[in-house]
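Peer 1: Quick one: structure below, then a few questions.
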4 protein chains.
Amino acid sequence: MKITVGGDSHGRSMIGVLEGMPAGMRVDVEKIDLMLRRRRGGFGRGERMKLEDDHAEIVAGLWKGVTTGAPIVIAVNNKGRANPVSGVRSVPRPGHVDYAAWRRYKLSDLNAYAERSSARWTVVFTALGALAKQFLESFEIILYSYVCSIGRVKAENVPDERSELIKRRDASRVYCPNSDVSDRMCMEIEKAMSAGDSLGGSFRVVAENVPAGLGSYSDIFEKLDSKIGAYFMSIPAVKGVFIGSEKTDLFGSSYHDPFDVEKGIVVRKSNNAGGIEGGITNGESIIVTAYVKPVPTLKAGLQSVDLRSMKKSTAPYVRSDVCVVPAASVVGEATLALILLEVFLKRYGDDNMKDIRRRYRNEVIPRWDDGFWKDDDR
Amino acid sequence: MKITVGGDSHGRSMIGVLEGMPAGMRVDVEKIDLMLRRRRGGFGRGERMKLEDDHAEIVAGLWKGVTTGAPIVIAVNNKGRANPVSGVRSVPRPGHVDYAAWRRYKLSDLNAYAERSSARWTVVFTALGALAKQFLESFEIILYSYVCSIGRVKAENVPDERSELIKRRDASRVYCPNSDVSDRMCMEIEKAMSAGDSLGGSFRVVAENVPAGLGSYSDIFEKLDSKIGAYFMSIPAVKGVFIGSEKTDLFGSSYHDPFDVEKGIVVRKSNNAGGIEGGITNGESIIVTAYVKPVPTLKAGLQSVDLRSMKKSTAPYVRSDVCVVPAASVVGEATLALILLEVFLKRYGDDNMKDIRRRYRNEVIPRWDDGFWKDDDR
Amino acid sequence: MKITVGGDSHGRSMIGVLEGMPAGMRVDVEKIDLMLRRRRGGFGRGERMKLEDDHAEIVAGLWKGVTTGAPIVIAVNNKGRANPVSGVRSVPRPGHVDYAAWRRYKLSDLNAYAERSSARWTVVFTALGALAKQFLESFEIILYSYVCSIGRVKAENVPDERSELIKRRDASRVYCPNSDVSDRMCMEIEKAMSAGDSLGGSFRVVAENVPAGLGSYSDIFEKLDSKIGAYFMSIPAVKGVFIGSEKTDLFGSSYHDPFDVEKGIVVRKSNNAGGIEGGITNGESIIVTAYVKPVPTLKAGLQSVDLRSMKKSTAPYVRSDVCVVPAASVVGEATLALILLEVFLKRYGDDNMKDIRRRYRNEVIPRWDDGFWKDDDR
Amino acid sequence: MKITVGGDSHGRSMIGVLEGMPAGMRVDVEKIDLMLRRRRGGFGRGERMKLEDDHAEIVAGLWKGVTTGAPIVIAVNNKGRANPVSGVRSVPRPGHVDYAAWRRYKLSDLNAYAERSSARWTVVFTALGALAKQFLESFEIILYSYVCSIGRVKAENVPDERSELIKRRDASRVYCPNSDVSDRMCMEIEKAMSAGDSLGGSFRVVAENVPAGLGSYSDIFEKLDSKIGAYFMSIPAVKGVFIGSEKTDLFGSSYHDPFDVEKGIVVRKSNNAGGIEGGITNGESIIVTAYVKPVPTLKAGLQSVDLRSMKKSTAPYVRSDVCVVPAASVVGEATLALILLEVFLKRYGDDNMKDIRRRYRNEVIPRWDDGFWKDDDR
């Protein structure tokens with residue numbers, strides 16, 4: 001499976017390509033658009049998001065509405081290009097790619113770099129993730145996400161039960177499944193807004209009903225932890241990522257999840273591991289938490305330097321959001337879906353839905369075989 | 001650049017291969033062994049580490065002591081194999097790969113999986129990292145690491161100045177540059193030891209004098225953040241990783257690092273970004289913090305299930321460490337070195353040391369060019 | 001560098017993405033379109049090519065006309081979609097992907113597979129190659145291609161001198177730099193046309209003024225030979241590829257290219273090696289010859305089987321070309337350009353044109369150093 | 001699946017690593033050694049091959065004789081190191097990597113490059129391929145190879161039937177299944193030997209009973225043709241590769257393989273396609289032919305230049321073979337086995353032998369479904 005994302009923030013359209021998708025999945029474009037709508041929303045988003053309608057056009061890879069094994073190409077148009085950036089910019093914004101990119105690419109207009117480095121590309125990444133989510137849902141693997149913190153306001157008493165959690169999350173303007181906290185988060189964002197400031201925070205993505213045995217320990221970069229690190233840290237503004245409990249300061253006897261047996265089935269009483277042990281899924285829910293830095297573009301501009309005159313200057317304000325944590329949580333959900341799609345196909349094959357479905361259904365929990373290894377089904 | 005690591009924990013030797021190393025670097029094997037010695041040490045390590053002498057044998061890739069552009073193959077023998085694992089094991093250890101691997105690979109002896117999933121492979125990964133470190137040091141890029149926390153004991157007052165920090169770290173049995181805290185950490189480990197328990201913690205890796213402009217924003221997985229995620233999360237027991245400051249709950253105005261100009265040179269007054277903005281180095285120190293879960297093998301065995309009888313059982317104790325955070329900090333140092341080697345070679349070419357050195361030296365900070373882009377050196 | 005190609009033959013547009021392009025190259029879109037025009041032409045092409053105008057729209061990756069280091073996204077619209085395929089097809093065409101794809105993807109409409117497997121995608125691959133060619137030309141590396149054979153008619157007396165060869169090639173309707181042979185090739189194609197048959201043949205691509213030392217022997221798949229194999233064999237209908245002379249039946253004393261010295265410079269008197277020894281360029285011209293099978297869709301349909309009824313049937317005629325060797329030669333030219341771009345950037349760095357150009361210029365032929373390796377420039 | 005090969009020709013040992021092998025395959029090391037013996041043999045090999053005994057030591061990846069999903073590490077020791085190369089060499093051998101590598105790596109001793117570029121590494125590549133062959137044979141996929149030509153002597157009347165072909169091949173000193181031709185080939189080699197000259201030739205690899213539907217058309221580099229190009233062209237001395245018939249000069253009506261139906265099953269009457277259409281296997285035998293240049297080291301040294309003095313000189317003779325085509329045919333067999341293993345695992349999953357075997361057995365030829373795509377097995 002290969003994922004490719006291109007497109008400039010103010011170009012005609014963003015393009016996402018997913019190679020290696022099996023044939024035979026009927027794609028529900030409406031569901032993709034729904035996820036794009038969630039990504040566009042969340043209190044704290046800026047003006048541009050009111051402009052965009054973010055419809056996913058599937059340019060290639062479908063025949064009569066189903067996947068064919070060909071690359072899936074998705075385009076999302078940029079309405080925002082109606083207000084293009086103009087002029088030359090020589091004052092870098094702290095926290096943005098501006099200065100670092102100038103040192104590498106050496107083009108004397110910092111606007112050039114923002115085209116790529118804007119988080120706008122996540123719109124097609126999310127669309128590809130929505131596709132992956134559809135695949136996973138057809139195997140009863142369910143993903144969801146929610147906001148854990150915005151600035152210093154942290155969620156508490158998050159419901160354990162998924163449908164309750166999602167209901168509450170969807171009732172929150174900041175995707176936080178805790179109505180009191182949600183209100184305080186909005187107030188925090190308003191405070192930032194009125195101060196010309198910005199906020200970060202954290203979000204969590206959960207995947208339920210994931211089969212045990214996904215991921216590999218062969219190539220160290222095929223361990224599921226490694227893929228989660230690679231993918232989540234590529235989301236714009238994410239500076240930290242955690243798998244499972246963040247309480248790594250516990251003693252081992254309190255941290256590790258004991259095994260038990262119930263009605264002849266192995267069960268766990270806790271899930272601090274976050275569903276992954278040794279790089280491979282263990283059958284429990286996968287839990288990933290990501291930390292997002294504050295938006296780097298502030299109305300009350302930060303101190304900067306004009307690279308032309310080499311004199312102090314104030315970083316310019318380019319149309320921006322105040323807080324993107326709710327949006328990032330949706331991108332994170334797409335991200336985990338793409339990762340799980342990849343390792344699922346590695347284990348069950350990548351040809352077509354019928355065969356993959358039959359294989360998955362026939363997969364049983366192994367029974368212990370005292371002969372160690374008799375390839376007796378042969 | 002391609003990294004490959006193989007070897008079973010109780011096999012003859014561990015093997016690491018590094019492809020894509022430029023020709024012409026004189027390798028100091030003694031320095032590699034020194035790093036392996038640091039990895040072997042740290043209070044909290046188990047019996048095995050007293051057994052091993054961990055000498056890096058460079059099996060291939062050198063001619064008269066210098067690299068030739070051929071793959072570097074490093075072998076480290078396993079003395080630990082003198083005490084091999086025997087018998088069949090059917091009781092999985094919580095926190096280890098045992099159960100997850102059984103669900104995937106379906107071999108009825110859990111000992112089979114521990115061979116790969118043991119952290120023993122990090123010995124050759126560290127050796128490759130030591131090689132990368134030598135490369136970087138010849139360009140005055142300096143890496144070091146230290147332990148930030150063990151269990152609930154956290155380092156405070158870490159010196160800002162590198163040589164002081166390293167001096168103090170080297171005086172600590174747990175690689176913590178804070179002598180009071182270091183003592184408390186050791187006490188915490190002793191407590192765990194006597195309780196048959198284990199501990200995790202966190203460590204930090206810093207790279208100083210890194211040139212601006214390493215990494216890429218083209219392929220989203222080539223962003224330096226993504227590589228850091230992929231590599232650090234593949235280190236055994238690492239469950240979380242952070243780039244730069246963990247204070248993502250600050251307002252943007254406090255988090256982002258203002259630019260200033262001093263003697264005609266762009267400078268930063270803070271480094272919350274940890275040296276990376278938008279996936280590319282910005283010239284400040286790179287700072288990565290990783291969180292390590294407690295060792296999953298406890299003398300006071302955790303509750304488990306015998307997969308043969310499907311009855312409750314106590315997880316077995318297999319020779320193990322009590323706390324590996326100091327060792328992991330050295331692995332982390334190697335890890336960051338390999339990442340930086342990779343992006344350095346991508347930017348400056350991968351052929352031979354003479355040319356790479358000349359190119360690096362000729363690289364200048366770009367000056368602003370009002371013609372936007374005149375390829376006038378052509 | 002990463003190349004991604006998507007798009008269905010009758011979809012809205014074909015999409016090509018090139019990641020890892022350095023910043024600062026001014027792109028001449030007209031030159032790209034010129035190459036697409038050459039690809040569209042050549043006697044033997046079918047009806048569709050009269051329909052298409054194949055304009056390369058650069059959707060992303062440019063700012064004020066120059067590359068920014070962001071992914072280059074190129075779209076070419078499909079006018080051919082005006083005549084879409086309709087109905088369900090159950091009779092596979094021998095030589096096409098139809099049957100093989102059905103066995104893998106199991107969708108009961110063979111038209112689904114032709115969307116991807118049509119050679120239509122080479123239009124954007126060629127556009128990316130045209131971009132690579134512009135890069136290489138700015139370093140005086142020149143690529144060209146020509147047709148060597150069509151069916152049993154083979155080119156003879158091909159001029160050694162490039163500009164003469166190109167002049168003659170451009171005068172030929174089948175891109176063969178030999179006017180007599182060219183006429184006979186056209187007659188052969190006419191014969192095939194009137195018989196409802198098709199033809200294959202072979203073409204050659206040459207790259208002149210390639211610097212020595214590109215490619216690597218570290219990873220065996222980074223050897224230039226391996227890349228040439230991987231890329232050329234992915235061109236639709238190519239069944240064979242050769243580097244350098246095909247006279248591998250000579251004795252070693254006649255095959256290998258002696259060294260000589262002229263005016264203090266190492267020269268070769270022949271180039272049977274085709275510019276590559278041991279996976280690395282040796283400074284001579286790179287020569288690749290590829291063999292193309294006949295077009296698999298014949299007006300006089302081949303014997304086939306209806307997969308629905310499992311009865312014999314005649315393979316259907318779907319709008320097609322009679323001979324694509326001239327077009328394939330242009331695709332081959334693009335292919336070699338992309339390969340050379342990749343290895344060039346690996347050696348000289350991938351950041352920006354100014355630095356790459358300076359590095360390239362400073363590269364000198366190494367002088368022999370009796371100290372073996374003194375990294376004295378350090 | 002990832003393949004890594006390291007080791008210097010005169011170093012302690014060659015190392016091959018195969019990541020991504022499923023668990024549960026019992027490995028027959030004797031069979032691997034048998035294949036290494038075939039590789040070592042063949043009339044025309046030099047002195048070194050009498051020295052080596054080429055035993056494959058499986059350093060890692062097995063537990064109680066079966067694969068565990070961990071990386072397979074294979075080492076083969078170099079007895080040839082007893083006669084190490086000494087002194088500094090400044091005269092490059094035409095046809096070898098010497099000069100090209102010097103231009104890239106700039107180390108002033110050409111012996112440095114021969115360590116990697118020697119074909120010695122194919123010994124561990126062949127060992128990995130022998131492992132892949134065992135995997136494939138357990139699914140009744142059978143691979144074999146034979147020599148087609150040496151110099152100008154070409155095989156004729158090759159038996160169609162596999163066991164007869166192999167019997168005859170094994171009776172030939174040059175692995176040619178045609179006793180008359182085999183004798184003439186040996187005479188040709190003797191002629192070269194006595195003239196201090198060398199020879200190349202060609203070989204063919206065949207895979208029988210390959211399931212239809214392996215390979216992918218999604219990523220163009222995942223097409224089976226592309227993989228065959230990439231892998232075969234990485235074999236030392238291979239300059240050309242062909243899939244299926246080399247008669248691409250036929251008309252389409254004669255080249256393409258008609259479908260027929262026999263006893264309700266789709267059959268083909270010919271196999272010019274060599275088992276691959278559109279990048280995917282079609283169920284027929286896979287046929288790959290490769291062209292090998294003459295050995296570049298000649299006793300009667302070729303004209304060269306001393307790079308130290310820049311004066312004409314004669315290329316030195318370093319212990320070498322006279323003809324390696326028989327050995328290369330065995331390497332080619334290993335190569336195709338590794339390719340097929342890779343695409344097999346992509347389609348059927350990469351976890352463990354029991355599940356893969358069950359999946360493979362349950363795979364049926366799709367039946368035509370007039371509903372186009374009803375995912376009714378769901």
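Here's how to read the names in the structure tokens: chain A, B, ... by the order shown, residue numbers from 1 in each chain, ligand numbers from 1 in the order shown.
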Which residues are close to Arg81 (chain B), i.e. within 10 Å by only C-alpha atoms, leaving aside same-chain residues fewer than 4 positions away? Reply as an MDAnalysis selection string.
Peer 2: chainID B and resid 8:13 48 51:52 77 85
Peer 1: Please determine the contact residues of chain C with respect to chain B at a cut-off of 6 Å, counting only C-alpha atoms, and supply them as a PyMOL selection string.
Peer 2: chain C and resi 19-20+70-71+218-219+346-351
Peer 1: Quick one: write out the picked residues with all heavy atoms as a tab-separated table (two decimals), in the first residue's frame?
Peer 2:
```
chain	number	residue	atom	x	y	z
C	19	GLU	N	7.47	13.34	-6.15
C	19	GLU	CA	7.91	13.89	-4.86
C	19	GLU	C	9.43	13.90	-4.80
C	19	GLU	O	10.08	12.98	-5.31
C	19	GLU	CB	7.33	13.06	-3.71
C	19	GLU	CG	5.83	13.22	-3.56
C	19	GLU	CD	5.22	12.18	-2.66
C	19	GLU	OE1	5.08	11.01	-3.09
C	19	GLU	OE2	4.88	12.51	-1.52
C	20	GLY	N	10.00	14.91	-4.19
C	20	GLY	CA	11.44	14.95	-4.01
C	20	GLY	C	12.18	15.78	-5.03
C	20	GLY	O	13.41	15.75	-5.09
C	70	ALA	N	7.98	21.11	-3.19
C	70	ALA	CA	6.71	20.41	-2.94
C	70	ALA	C	6.48	19.38	-4.03
C	70	ALA	O	7.12	19.42	-5.09
C	70	ALA	CB	5.58	21.43	-2.92
C	71	PRO	N	5.57	18.44	-3.80
C	71	PRO	CA	5.27	17.45	-4.84
C	71	PRO	C	4.76	18.14	-6.10
C	71	PRO	O	3.95	19.06	-6.02
C	71	PRO	CB	4.15	16.59	-4.23
C	71	PRO	CG	4.18	16.85	-2.76
C	71	PRO	CD	4.75	18.23	-2.58
C	218	SER	N	25.65	-0.33	-3.25
C	218	SER	CA	25.43	-0.70	-1.85
C	218	SER	C	24.21	-1.60	-1.76
C	218	SER	O	24.33	-2.80	-1.57
C	218	SER	CB	25.27	0.56	-1.00
C	218	SER	OG	25.56	0.32	0.35
C	219	ASP	N	23.06	-1.04	-1.89
C	219	ASP	CA	21.83	-1.82	-1.98
C	219	ASP	C	21.76	-2.36	-3.41
C	219	ASP	O	21.88	-1.61	-4.36
C	219	ASP	CB	20.65	-0.88	-1.71
C	219	ASP	CG	19.31	-1.60	-1.68
C	219	ASP	OD1	19.18	-2.68	-2.28
C	219	ASP	OD2	18.39	-1.08	-1.04
C	346	LYS	N	20.45	11.69	-5.75
C	346	LYS	CA	21.06	10.92	-4.67
C	346	LYS	C	22.53	11.30	-4.50
C	346	LYS	O	23.04	11.32	-3.40
C	346	LYS	CB	20.97	9.42	-4.99
C	346	LYS	CG	19.62	8.83	-4.67
C	346	LYS	CD	19.77	7.44	-4.07
C	346	LYS	CE	18.60	7.17	-3.14
C	346	LYS	NZ	18.85	6.03	-2.27
C	347	ARG	N	23.19	11.55	-5.60
C	347	ARG	CA	24.61	11.87	-5.50
C	347	ARG	C	24.86	13.33	-5.14
C	347	ARG	O	25.77	13.63	-4.37
C	347	ARG	CB	25.33	11.56	-6.81
C	347	ARG	CG	26.78	11.99	-6.74
C	347	ARG	CD	27.71	11.19	-7.55
C	347	ARG	NE	29.09	11.59	-7.23
C	347	ARG	CZ	30.10	11.51	-8.04
C	347	ARG	NH1	29.94	10.98	-9.24
C	347	ARG	NH2	31.30	11.91	-7.67
C	348	TYR	N	24.08	14.24	-5.71
C	348	TYR	CA	24.40	15.66	-5.55
C	348	TYR	C	23.48	16.39	-4.57
C	348	TYR	O	23.62	17.59	-4.37
C	348	TYR	CB	24.43	16.35	-6.90
C	348	TYR	CG	25.54	15.83	-7.79
C	348	TYR	CD1	25.28	14.97	-8.84
C	348	TYR	CD2	26.87	16.16	-7.51
C	348	TYR	CE1	26.31	14.47	-9.63
C	348	TYR	CE2	27.90	15.67	-8.29
C	348	TYR	CZ	27.62	14.81	-9.35
C	348	TYR	OH	28.64	14.32	-10.11
C	349	GLY	N	22.55	15.65	-3.98
C	349	GLY	CA	21.65	16.28	-3.02
C	349	GLY	C	20.35	16.71	-3.68
C	349	GLY	O	20.30	16.85	-4.91
C	350	ASP	N	19.35	16.93	-2.88
C	350	ASP	CA	18.00	17.13	-3.42
C	350	ASP	C	17.35	18.42	-2.94
C	350	ASP	O	16.13	18.52	-2.91
C	350	ASP	CB	17.12	15.93	-3.04
C	350	ASP	CG	16.87	15.84	-1.54
C	350	ASP	OD1	17.51	16.60	-0.78
C	350	ASP	OD2	16.04	15.03	-1.13
C	351	ASP	N	18.15	19.43	-2.56
C	351	ASP	CA	17.55	20.60	-1.94
C	351	ASP	C	17.14	21.70	-2.90
C	351	ASP	O	15.97	22.03	-3.01
C	351	ASP	CB	18.47	21.15	-0.83
C	351	ASP	CG	19.94	21.12	-1.21
C	351	ASP	OD1	20.26	20.81	-2.38
C	351	ASP	OD2	20.78	21.42	-0.34
```
Peer 1: Any idea what's packed within 12 Å of region 186-195 of chain D, counting only C-alpha atoms, ignoring anything in its chain fewer than 5 positions away? Could you give it as an MDAnalysis selection string?
Peer 2: (chainID C and resid 249:254) or (chainID D and resid 42:46 149:154 172:176 179:181 200:201 294:295 297:301 320:326)
Peer 1: Leaving out Ile287 (chain D) and any residue of its chain fewer than 2 positions from it, which residues lie within 10 Å of it when counting only C-alpha atoms, given as a ChimeraX atom specification?
Peer 2: /D:143,145,204-208,242-245,271-276,284-285,289,336
Peer 1: Rounded to one decimal, what separation in Å do you get between CA of Ala337 (chain D) and CA of Tyr105 (chain C)?
Peer 2: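 Distance reported for this atom pair: 23.3 Å.
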Peer 1: Separation of CA of Asp197 (chain D) and CA of Pro92 (chain D), in Å?
Peer 2: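 Distance reported for this atom pair: 17.1 Å.
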Peer 1: Return the single residue from B:Ile142, B:Trp63, B:Arg169, B:Leu110 that is closest to Pro84 (chain D), with distances computed using only C-alpha atoms.
Peer 2: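 Checking each of B:Ile142, B:Trp63, B:Arg169, B:Leu110 against Pro84 (chain D), counting only C-alpha atoms, the winner is B:Trp63.
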Peer 1: Mind the document's chain letters and residue numbers, and return as number ranges by chain the residues of region 53-118 of chain A that DSSP labels alpha helix (DSSP H).
Peer 2: A: 98-105, 111-117
Peer 1: Export, as a PDB file, in the first residue's frame, the selected residues with N, CA and C atoms.
Peer 2:
```pdb
ATOM      1  N   ASP A  98       8.406  28.291   7.429  1.00  0.00           N
ATOM      2  CA  ASP A  98       8.980  29.382   6.626  1.00  0.00           C
ATOM      3  C   ASP A  98      10.510  29.442   6.628  1.00  0.00           C
ATOM      4  N   TYR A  99      11.061  29.599   7.835  1.00  0.00           N
ATOM      5  CA  TYR A  99      12.509  29.812   7.919  1.00  0.00           C
ATOM      6  C   TYR A  99      13.290  28.546   7.573  1.00  0.00           C
ATOM      7  N   ALA A 100      12.856  27.434   8.127  1.00  0.00           N
ATOM      8  CA  ALA A 100      13.555  26.170   7.882  1.00  0.00           C
ATOM      9  C   ALA A 100      13.556  25.837   6.389  1.00  0.00           C
ATOM     10  N   ALA A 101      12.422  26.063   5.733  1.00  0.00           N
ATOM     11  CA  ALA A 101      12.327  25.766   4.308  1.00  0.00           C
ATOM     12  C   ALA A 101      13.220  26.700   3.501  1.00  0.00           C
ATOM     13  N   TRP A 102      13.304  27.945   3.926  1.00  0.00           N
ATOM     14  CA  TRP A 102      14.161  28.905   3.202  1.00  0.00           C
ATOM     15  C   TRP A 102      15.616  28.449   3.256  1.00  0.00           C
ATOM     16  N   ARG A 103      16.020  27.917   4.391  1.00  0.00           N
ATOM     17  CA  ARG A 103      17.388  27.447   4.529  1.00  0.00           C
ATOM     18  C   ARG A 103      17.670  26.240   3.628  1.00  0.00           C
ATOM     19  N   ARG A 104      16.632  25.498   3.322  1.00  0.00           N
ATOM     20  CA  ARG A 104      16.806  24.309   2.493  1.00  0.00           C
ATOM     21  C   ARG A 104      16.590  24.602   1.013  1.00  0.00           C
ATOM     22  N   TYR A 105      15.485  25.321   0.728  1.00  0.00           N
ATOM     23  CA  TYR A 105      15.078  25.469  -0.665  1.00  0.00           C
ATOM     24  C   TYR A 105      15.535  26.787  -1.278  1.00  0.00           C
ATOM     25  N   ASN A 111       6.106  32.830   0.992  1.00  0.00           N
ATOM     26  CA  ASN A 111       4.780  32.332   0.617  1.00  0.00           C
ATOM     27  C   ASN A 111       4.873  31.002  -0.131  1.00  0.00           C
ATOM     28  N   ALA A 112       5.975  30.794  -0.819  1.00  0.00           N
ATOM     29  CA  ALA A 112       6.144  29.578  -1.612  1.00  0.00           C
ATOM     30  C   ALA A 112       6.028  28.329  -0.744  1.00  0.00           C
ATOM     31  N   TYR A 113       6.551  28.421   0.474  1.00  0.00           N
ATOM     32  CA  TYR A 113       6.610  27.229   1.326  1.00  0.00           C
ATOM     33  C   TYR A 113       5.281  26.929   2.005  1.00  0.00           C
ATOM     34  N   ALA A 114       4.533  27.987   2.288  1.00  0.00           N
ATOM     35  CA  ALA A 114       3.273  27.791   2.991  1.00  0.00           C
ATOM     36  C   ALA A 114       2.287  27.017   2.124  1.00  0.00           C
ATOM     37  N   GLU A 115       2.478  27.078   0.822  1.00  0.00           N
ATOM     38  CA  GLU A 115       1.571  26.354  -0.065  1.00  0.00           C
ATOM     39  C   GLU A 115       1.564  24.859   0.245  1.00  0.00           C
ATOM     40  N   ARG A 116       2.751  24.307   0.458  1.00  0.00           N
ATOM     41  CA  ARG A 116       2.841  22.894   0.769  1.00  0.00           C
ATOM     42  C   ARG A 116       2.624  22.641   2.250  1.00  0.00           C
ATOM     43  N   SER A 117       3.178  23.505   3.051  1.00  0.00           N
ATOM     44  CA  SER A 117       3.268  23.200   4.469  1.00  0.00           C
ATOM     45  C   SER A 117       1.992  23.535   5.214  1.00  0.00           C
TER      46      SER A 117
END
```
Peer 1: Could you list, as a list in words, every residue within 8 Å of Ile235 (chain C), counting only C-alpha atoms and ignoring same-chain residues fewer than 4 positions away?
Peer 2: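 Neighbouring residues, sequence-local ones excluded: Thr122, Tyr231, Ala328, Val331 and Gly332 of chain C.
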Peer 1: Please return as number ranges by chain: the residues of region 292-350 of chain C that backbone DSSP assigns to strand (DSSP E).
Peer 2: C: 292, 303-306, 311-314
Peer 1: Quick one: everything within 7 Å of Leu36 (chain A), counting only C-alpha atoms, minus sequence neighbours fewer than 3 positions away in the same chain. Send it as a PyMOL selection string.
Peer 2: chain A and resi 32-33+39-40+54+123+126-127
Peer 1: How would the residues just chosen look if you wrote them out with N, CA and C atoms as a PDB file, in the first residue's frame?
Peer 2:
```pdb
ATOM      1  N   ILE A  32     -17.564   9.807   2.920  1.00  0.00           N
ATOM      2  CA  ILE A  32     -16.275  10.514   2.856  1.00  0.00           C
ATOM      3  C   ILE A  32     -16.514  12.001   3.097  1.00  0.00           C
ATOM      4  N   ASP A  33     -17.507  12.544   2.402  1.00  0.00           N
ATOM      5  CA  ASP A  33     -17.787  13.973   2.553  1.00  0.00           C
ATOM      6  C   ASP A  33     -18.179  14.319   3.983  1.00  0.00           C
ATOM      7  N   ARG A  39     -13.998  17.336   9.678  1.00  0.00           N
ATOM      8  CA  ARG A  39     -12.651  17.918   9.686  1.00  0.00           C
ATOM      9  C   ARG A  39     -12.699  19.444   9.533  1.00  0.00           C
ATOM     10  N   ARG A  40     -13.639  19.906   8.728  1.00  0.00           N
ATOM     11  CA  ARG A  40     -13.716  21.341   8.449  1.00  0.00           C
ATOM     12  C   ARG A  40     -14.205  22.107   9.669  1.00  0.00           C
ATOM     13  N   ASP A  54     -15.357  21.290   0.405  1.00  0.00           N
ATOM     14  CA  ASP A  54     -14.637  20.037   0.586  1.00  0.00           C
ATOM     15  C   ASP A  54     -15.417  18.798   0.166  1.00  0.00           C
ATOM     16  N   VAL A 123      -6.848  17.445   3.951  1.00  0.00           N
ATOM     17  CA  VAL A 123      -8.217  17.219   3.486  1.00  0.00           C
ATOM     18  C   VAL A 123      -8.287  15.961   2.612  1.00  0.00           C
ATOM     19  N   THR A 126      -7.486  12.852   4.763  1.00  0.00           N
ATOM     20  CA  THR A 126      -8.686  12.457   5.500  1.00  0.00           C
ATOM     21  C   THR A 126      -9.654  11.705   4.594  1.00  0.00           C
ATOM     22  N   ALA A 127      -9.758  12.150   3.356  1.00  0.00           N
ATOM     23  CA  ALA A 127     -10.656  11.465   2.419  1.00  0.00           C
ATOM     24  C   ALA A 127     -10.178  10.023   2.194  1.00  0.00           C
TER      25      ALA A 127
END
```
